Every structure is written in structure tokens, then in C-alpha cells.
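coords-v1.txt (compact mmCIF, N, CA and C atoms and all ligand atoms) appears below.
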# COMPACT_ATOMS: atom_id res chain seq x y z
N MET A 1 18.92 -35.94 -85.16
CA MET A 1 18.32 -34.68 -85.62
C MET A 1 19.08 -33.49 -85.06
N LYS A 2 19.62 -32.66 -85.94
CA LYS A 2 20.38 -31.51 -85.47
C LYS A 2 19.43 -30.41 -84.99
N PHE A 3 19.81 -29.78 -83.90
CA PHE A 3 18.97 -28.74 -83.33
C PHE A 3 19.56 -27.38 -83.69
N GLU A 4 18.78 -26.60 -84.45
CA GLU A 4 19.27 -25.31 -84.89
C GLU A 4 18.42 -24.20 -84.30
N ARG A 5 18.93 -22.97 -84.46
CA ARG A 5 18.18 -21.82 -83.93
C ARG A 5 16.84 -21.70 -84.64
N ARG A 6 16.81 -22.12 -85.91
CA ARG A 6 15.56 -22.09 -86.66
C ARG A 6 14.50 -22.97 -86.00
N ASP A 7 14.97 -24.09 -85.40
CA ASP A 7 14.04 -24.99 -84.73
C ASP A 7 13.37 -24.31 -83.55
N ILE A 8 14.13 -23.47 -82.82
CA ILE A 8 13.55 -22.77 -81.67
C ILE A 8 12.45 -21.83 -82.16
N LEU A 9 12.72 -21.12 -83.26
CA LEU A 9 11.70 -20.23 -83.83
C LEU A 9 10.47 -21.03 -84.24
N LEU A 10 10.72 -22.20 -84.83
CA LEU A 10 9.62 -23.06 -85.27
C LEU A 10 8.79 -23.51 -84.06
N ILE A 11 9.49 -23.92 -83.00
CA ILE A 11 8.79 -24.40 -81.80
C ILE A 11 8.00 -23.25 -81.16
N VAL A 12 8.60 -22.07 -81.10
CA VAL A 12 7.89 -20.92 -80.51
C VAL A 12 6.64 -20.62 -81.34
N GLY A 13 6.80 -20.64 -82.66
CA GLY A 13 5.66 -20.38 -83.54
C GLY A 13 4.56 -21.42 -83.35
N LEU A 14 4.97 -22.69 -83.22
CA LEU A 14 3.99 -23.75 -83.05
C LEU A 14 3.32 -23.67 -81.68
N LEU A 15 4.07 -23.25 -80.66
CA LEU A 15 3.47 -23.09 -79.32
C LEU A 15 2.40 -22.00 -79.35
N LEU A 16 2.71 -20.90 -80.07
CA LEU A 16 1.72 -19.83 -80.19
C LEU A 16 0.49 -20.34 -80.94
N PHE A 17 0.75 -21.16 -81.98
CA PHE A 17 -0.34 -21.74 -82.75
C PHE A 17 -1.19 -22.64 -81.86
N MET A 18 -0.53 -23.40 -80.97
CA MET A 18 -1.24 -24.29 -80.06
C MET A 18 -2.13 -23.48 -79.12
N VAL A 19 -1.60 -22.36 -78.63
CA VAL A 19 -2.40 -21.49 -77.75
C VAL A 19 -3.63 -21.00 -78.51
N GLY A 20 -3.44 -20.71 -79.80
CA GLY A 20 -4.55 -20.26 -80.63
C GLY A 20 -5.60 -21.35 -80.83
N LEU A 21 -5.16 -22.62 -80.79
CA LEU A 21 -6.09 -23.74 -80.99
C LEU A 21 -6.88 -24.06 -79.72
N LEU A 22 -6.33 -23.68 -78.56
CA LEU A 22 -6.91 -24.10 -77.28
C LEU A 22 -8.39 -23.77 -77.13
N PRO A 23 -8.86 -22.60 -77.58
CA PRO A 23 -10.31 -22.34 -77.44
C PRO A 23 -11.18 -23.29 -78.24
N PHE A 24 -10.60 -23.93 -79.27
CA PHE A 24 -11.40 -24.73 -80.19
C PHE A 24 -11.34 -26.22 -79.90
N MET A 25 -10.29 -26.66 -79.20
CA MET A 25 -10.16 -28.10 -78.95
C MET A 25 -9.47 -28.34 -77.62
N ALA A 26 -9.57 -29.59 -77.15
CA ALA A 26 -8.92 -29.96 -75.90
C ALA A 26 -7.41 -29.81 -76.03
N PRO A 27 -6.74 -29.43 -74.95
CA PRO A 27 -5.28 -29.21 -75.00
C PRO A 27 -4.52 -30.41 -75.56
N ILE A 28 -4.96 -31.63 -75.27
CA ILE A 28 -4.24 -32.82 -75.75
C ILE A 28 -4.29 -32.88 -77.27
N TYR A 29 -5.44 -32.52 -77.85
CA TYR A 29 -5.54 -32.54 -79.32
C TYR A 29 -4.73 -31.41 -79.93
N ALA A 30 -4.77 -30.24 -79.31
CA ALA A 30 -3.96 -29.12 -79.80
C ALA A 30 -2.48 -29.50 -79.78
N ALA A 31 -2.06 -30.16 -78.70
CA ALA A 31 -0.65 -30.58 -78.60
C ALA A 31 -0.33 -31.60 -79.69
N LEU A 32 -1.24 -32.54 -79.93
CA LEU A 32 -1.00 -33.56 -80.96
C LEU A 32 -0.90 -32.92 -82.34
N VAL A 33 -1.78 -31.96 -82.62
CA VAL A 33 -1.75 -31.27 -83.93
C VAL A 33 -0.41 -30.58 -84.10
N VAL A 34 0.04 -29.88 -83.06
CA VAL A 34 1.29 -29.12 -83.14
C VAL A 34 2.49 -30.05 -83.28
N ILE A 35 2.48 -31.17 -82.54
CA ILE A 35 3.59 -32.13 -82.64
C ILE A 35 3.63 -32.73 -84.04
N ALA A 36 2.45 -33.07 -84.58
CA ALA A 36 2.40 -33.61 -85.94
C ALA A 36 2.93 -32.60 -86.95
N MET A 37 2.55 -31.33 -86.76
CA MET A 37 3.04 -30.28 -87.67
C MET A 37 4.55 -30.14 -87.56
N TYR A 38 5.07 -30.20 -86.33
CA TYR A 38 6.51 -30.06 -86.13
C TYR A 38 7.26 -31.13 -86.91
N PHE A 39 6.84 -32.39 -86.75
CA PHE A 39 7.55 -33.46 -87.45
C PHE A 39 7.32 -33.37 -88.95
N GLY A 40 6.12 -32.97 -89.35
CA GLY A 40 5.85 -32.79 -90.77
C GLY A 40 6.78 -31.77 -91.39
N ILE A 41 6.97 -30.64 -90.69
CA ILE A 41 7.84 -29.59 -91.20
C ILE A 41 9.29 -30.07 -91.21
N LYS A 42 9.71 -30.78 -90.16
CA LYS A 42 11.09 -31.28 -90.10
C LYS A 42 11.37 -32.23 -91.26
N ILE A 43 10.42 -33.12 -91.54
CA ILE A 43 10.60 -34.08 -92.63
C ILE A 43 10.62 -33.35 -93.97
N TYR A 44 9.71 -32.37 -94.12
CA TYR A 44 9.65 -31.60 -95.37
C TYR A 44 10.97 -30.86 -95.60
N VAL A 45 11.46 -30.18 -94.56
CA VAL A 45 12.71 -29.42 -94.69
C VAL A 45 13.88 -30.37 -94.98
N GLY A 46 13.90 -31.52 -94.30
CA GLY A 46 14.97 -32.48 -94.53
C GLY A 46 14.98 -32.99 -95.96
N ARG A 47 13.79 -33.27 -96.49
CA ARG A 47 13.70 -33.75 -97.88
C ARG A 47 14.14 -32.68 -98.85
N ARG A 48 13.72 -31.43 -98.59
CA ARG A 48 14.11 -30.32 -99.47
C ARG A 48 15.62 -30.17 -99.49
N LYS A 49 16.24 -30.23 -98.29
CA LYS A 49 17.70 -30.10 -98.20
C LYS A 49 18.36 -31.20 -99.01
N LYS A 50 17.85 -32.44 -98.87
CA LYS A 50 18.44 -33.57 -99.58
C LYS A 50 18.30 -33.38 -101.08
N SER A 51 17.11 -32.96 -101.53
CA SER A 51 16.91 -32.83 -102.97
C SER A 51 17.74 -31.67 -103.51
N ILE A 52 17.96 -30.61 -102.72
CA ILE A 52 18.81 -29.51 -103.17
C ILE A 52 20.25 -30.00 -103.28
N GLU A 53 20.70 -30.81 -102.31
CA GLU A 53 22.05 -31.35 -102.38
C GLU A 53 22.23 -32.22 -103.62
N MET A 54 21.21 -32.99 -103.95
CA MET A 54 21.28 -33.84 -105.14
C MET A 54 21.30 -32.98 -106.41
N ASP A 55 20.57 -31.87 -106.38
CA ASP A 55 20.50 -31.01 -107.56
C ASP A 55 21.82 -30.33 -107.86
N VAL A 56 22.63 -30.09 -106.82
CA VAL A 56 23.86 -29.33 -107.00
C VAL A 56 24.76 -29.99 -108.05
N GLY A 57 24.70 -31.32 -108.16
CA GLY A 57 25.52 -32.02 -109.13
C GLY A 57 25.32 -31.50 -110.54
N GLU A 58 24.07 -31.35 -110.97
CA GLU A 58 23.79 -30.89 -112.33
C GLU A 58 23.43 -29.42 -112.38
N GLY A 59 23.08 -28.85 -111.24
CA GLY A 59 22.77 -27.43 -111.18
C GLY A 59 21.29 -27.17 -111.36
N LEU A 60 20.94 -25.89 -111.15
CA LEU A 60 19.55 -25.47 -111.27
C LEU A 60 19.42 -24.47 -112.39
N CYS A 61 18.26 -24.44 -113.03
CA CYS A 61 18.00 -23.50 -114.11
C CYS A 61 17.94 -22.08 -113.55
N ALA A 62 18.62 -21.15 -114.19
CA ALA A 62 18.61 -19.76 -113.73
C ALA A 62 17.26 -19.12 -113.99
N GLU A 63 16.50 -19.62 -114.93
CA GLU A 63 15.22 -19.04 -115.30
C GLU A 63 14.12 -19.43 -114.31
N CYS A 64 13.95 -20.72 -114.11
CA CYS A 64 12.81 -21.18 -113.33
C CYS A 64 13.22 -21.95 -112.08
N GLY A 65 14.52 -22.27 -111.92
CA GLY A 65 14.99 -22.95 -110.72
C GLY A 65 14.73 -24.44 -110.71
N SER A 66 14.30 -25.00 -111.81
CA SER A 66 14.11 -26.45 -111.79
C SER A 66 15.42 -27.16 -112.09
N LYS A 67 15.41 -28.44 -111.85
CA LYS A 67 16.63 -29.24 -111.93
C LYS A 67 17.09 -29.35 -113.38
N ILE A 68 18.40 -29.17 -113.57
CA ILE A 68 18.97 -29.33 -114.91
C ILE A 68 19.15 -30.82 -115.18
N PHE A 69 18.65 -31.24 -116.28
CA PHE A 69 18.73 -32.65 -116.65
C PHE A 69 19.42 -32.75 -118.00
N ASN A 70 20.54 -33.49 -118.05
CA ASN A 70 21.33 -33.57 -119.29
C ASN A 70 21.71 -32.19 -119.80
N LYS A 71 22.10 -31.30 -118.86
CA LYS A 71 22.57 -29.94 -119.18
C LYS A 71 21.50 -29.07 -119.81
N ARG A 72 20.24 -29.42 -119.70
CA ARG A 72 19.19 -28.55 -120.18
C ARG A 72 18.04 -28.56 -119.17
N CYS A 73 17.26 -27.48 -119.20
CA CYS A 73 16.14 -27.37 -118.28
C CYS A 73 14.91 -27.99 -118.92
N PRO A 74 14.29 -28.94 -118.28
CA PRO A 74 13.12 -29.59 -118.88
C PRO A 74 11.96 -28.61 -119.11
N HIS A 75 11.91 -27.53 -118.31
CA HIS A 75 10.80 -26.57 -118.47
C HIS A 75 11.08 -25.60 -119.61
N CYS A 76 12.21 -24.87 -119.49
CA CYS A 76 12.48 -23.76 -120.41
C CYS A 76 12.88 -24.27 -121.78
N ASP A 77 13.72 -25.30 -121.85
CA ASP A 77 14.20 -25.75 -123.16
C ASP A 77 13.07 -26.29 -124.01
N SER A 78 12.13 -27.00 -123.39
CA SER A 78 11.05 -27.56 -124.18
C SER A 78 10.14 -26.45 -124.69
N GLN A 79 10.08 -25.31 -123.96
CA GLN A 79 9.25 -24.21 -124.40
C GLN A 79 9.92 -23.41 -125.52
N ASN A 80 11.28 -23.29 -125.42
CA ASN A 80 11.99 -22.45 -126.40
C ASN A 80 12.12 -23.13 -127.75
N GLU A 81 12.15 -24.43 -127.74
CA GLU A 81 12.42 -25.11 -129.01
C GLU A 81 11.16 -25.52 -129.72
ZN ZN A 101 14.12 -23.46 -116.54

Can you give me the file's structure in the form of C-alpha cells?
Ligand SMILES: [Zn+2]
Amino acid sequence: MKFERRDILLIVGLLLFMVGLLPFMAPIYAALVVIAMYFGIKIYVGRRKKSIEMDVGEGLCAECGSKIFNKRCPHCDSQNE
């Protein structure tokens, strides 16, 4: 897992969120919630990056940003025709 400056911002944000949770739950649960969120966000961002890399091959629609399939946009082309 590559460590980027964005990760530090994410961790700082999650630590603040954990402090916000402390009045409502035990510190161990707040920590677990924040750790789960951290990995959830990392997995989500990783998947998005991968799917964007895959999309680059065919490109993205300039109108709606969805994946171009067979050189046409499944959203816009079906609406225009
Ligand atoms: Zn489109």
C-alpha cells in the first residue's frame, strides 16, 4: 500500500471523527469504526483508480463521463437515437 500525503489528511480527518465519536461510544469501538472506515475508503479509492485505468483504453463520454463502449456512450447514444 503506497503512502501518500492524501492518506495523512485522511487519517487526520478520521482521528478528528474518532474524537467526535468518543462521547457516544467506548474508545475501542470508536477506534474500530475509524479503522474500518479507513480501509473502506482505501479499498474504494483503489477500485476507482483501477476502473479509471481500465476506462482509459476506450475513453470516457464527454457528456456524462460514463465508459465508452464500442466507441459510443451507453447513456447518451441510447437517448439521442
Ligand atoms: Zn454519455

Point to revise | strand (DSSP E or B) positions in chain A, given as a list in words | key: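 DSSP-assigned strand (DSSP E or B) residues in chain A: Leu60, Lys67, Phe69 and Arg72 of chain A.
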
Might you pull out every residue within 8 Å of A:Val34, with all atoms listed in the file counted and same-chain residues fewer than 3 positions away left off, and present them as a PDB file with N, CA and C atoms, keeping the file's coordinate frame?
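And here's out-v3.pdb as it stands now:
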ATOM      1  N   LEU A  14       4.970 -22.690 -83.220  1.00  0.00           N
ATOM      2  CA  LEU A  14       3.990 -23.750 -83.050  1.00  0.00           C
ATOM      3  C   LEU A  14       3.320 -23.670 -81.680  1.00  0.00           C
ATOM      4  N   LEU A  15       4.070 -23.250 -80.660  1.00  0.00           N
ATOM      5  CA  LEU A  15       3.470 -23.090 -79.320  1.00  0.00           C
ATOM      6  C   LEU A  15       2.400 -22.000 -79.350  1.00  0.00           C
ATOM      7  N   PHE A  17       0.750 -21.160 -81.980  1.00  0.00           N
ATOM      8  CA  PHE A  17      -0.340 -21.740 -82.750  1.00  0.00           C
ATOM      9  C   PHE A  17      -1.190 -22.640 -81.860  1.00  0.00           C
ATOM     10  N   MET A  18      -0.530 -23.400 -80.970  1.00  0.00           N
ATOM     11  CA  MET A  18      -1.240 -24.290 -80.060  1.00  0.00           C
ATOM     12  C   MET A  18      -2.130 -23.480 -79.120  1.00  0.00           C
ATOM     13  N   ILE A  28      -4.960 -31.630 -75.270  1.00  0.00           N
ATOM     14  CA  ILE A  28      -4.240 -32.820 -75.750  1.00  0.00           C
ATOM     15  C   ILE A  28      -4.290 -32.880 -77.270  1.00  0.00           C
ATOM     16  N   TYR A  29      -5.440 -32.520 -77.850  1.00  0.00           N
ATOM     17  CA  TYR A  29      -5.540 -32.540 -79.320  1.00  0.00           C
ATOM     18  C   TYR A  29      -4.730 -31.410 -79.930  1.00  0.00           C
ATOM     19  N   ALA A  30      -4.770 -30.240 -79.310  1.00  0.00           N
ATOM     20  CA  ALA A  30      -3.960 -29.120 -79.800  1.00  0.00           C
ATOM     21  C   ALA A  30      -2.480 -29.500 -79.780  1.00  0.00           C
ATOM     22  N   ALA A  31      -2.060 -30.160 -78.700  1.00  0.00           N
ATOM     23  CA  ALA A  31      -0.650 -30.580 -78.600  1.00  0.00           C
ATOM     24  C   ALA A  31      -0.330 -31.600 -79.690  1.00  0.00           C
ATOM     25  N   MET A  37       2.550 -31.330 -86.760  1.00  0.00           N
ATOM     26  CA  MET A  37       3.040 -30.280 -87.670  1.00  0.00           C
ATOM     27  C   MET A  37       4.550 -30.140 -87.560  1.00  0.00           C
ATOM     28  N   TYR A  38       5.070 -30.200 -86.330  1.00  0.00           N
ATOM     29  CA  TYR A  38       6.510 -30.060 -86.130  1.00  0.00           C
ATOM     30  C   TYR A  38       7.260 -31.130 -86.910  1.00  0.00           C
ATOM     31  N   PHE A  39       6.840 -32.390 -86.750  1.00  0.00           N
ATOM     32  CA  PHE A  39       7.550 -33.460 -87.450  1.00  0.00           C
ATOM     33  C   PHE A  39       7.320 -33.370 -88.950  1.00  0.00           C
ATOM     34  N   GLY A  40       6.120 -32.970 -89.350  1.00  0.00           N
ATOM     35  CA  GLY A  40       5.850 -32.790 -90.770  1.00  0.00           C
ATOM     36  C   GLY A  40       6.780 -31.770 -91.390  1.00  0.00           C
TER      37      GLY A  40
END

Give me, please, the distance in Å between atom CA of A:Lys42 and atom CA of A:Val12, quoted to one decimal.
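A separation of 14.5 Å between them.
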
Please produce, as JSON lines, a per-residue contact table for chain A versus ligand ZN 101 (chain A) (criterion: any atom at most 5 Å away, only N, CA and C atoms and all ligand atoms considered), showing the nearest atom pair and its distance in Å to one decimal, sorted by chain then residue number.
{"residue": "A:Cys61", "atom": "CA", "partner": "A:ZN101", "partner_atom": "ZN", "distance": 4.6}
{"residue": "A:Glu63", "atom": "C", "partner": "A:ZN101", "partner_atom": "ZN", "distance": 4.6}
{"residue": "A:Cys64", "atom": "N", "partner": "A:ZN101", "partner_atom": "ZN", "distance": 3.7}
{"residue": "A:Gly65", "atom": "N", "partner": "A:ZN101", "partner_atom": "ZN", "distance": 4.8}
{"residue": "A:Ser66", "atom": "N", "partner": "A:ZN101", "partner_atom": "ZN", "distance": 5.0}
{"residue": "A:Cys73", "atom": "CA", "partner": "A:ZN101", "partner_atom": "ZN", "distance": 4.7}
{"residue": "A:His75", "atom": "C", "partner": "A:ZN101", "partner_atom": "ZN", "distance": 4.8}
{"residue": "A:Cys76", "atom": "N", "partner": "A:ZN101", "partner_atom": "ZN", "distance": 3.8}

| said: Please extract the residues of chain A with a backbone DSSP assignment of alpha helix (DSSP H) and present them as a VMD selection string. | reply: chain A and resid 5 to 21 27 to 55 76 to 80

From atom CA of A:Pro74 to atom CA of A:Arg47 the spacing works out at 21.4 Å

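What separates atom C of A:Arg72 from atom N of A:Gly46 is a distance of 25.4 Å.
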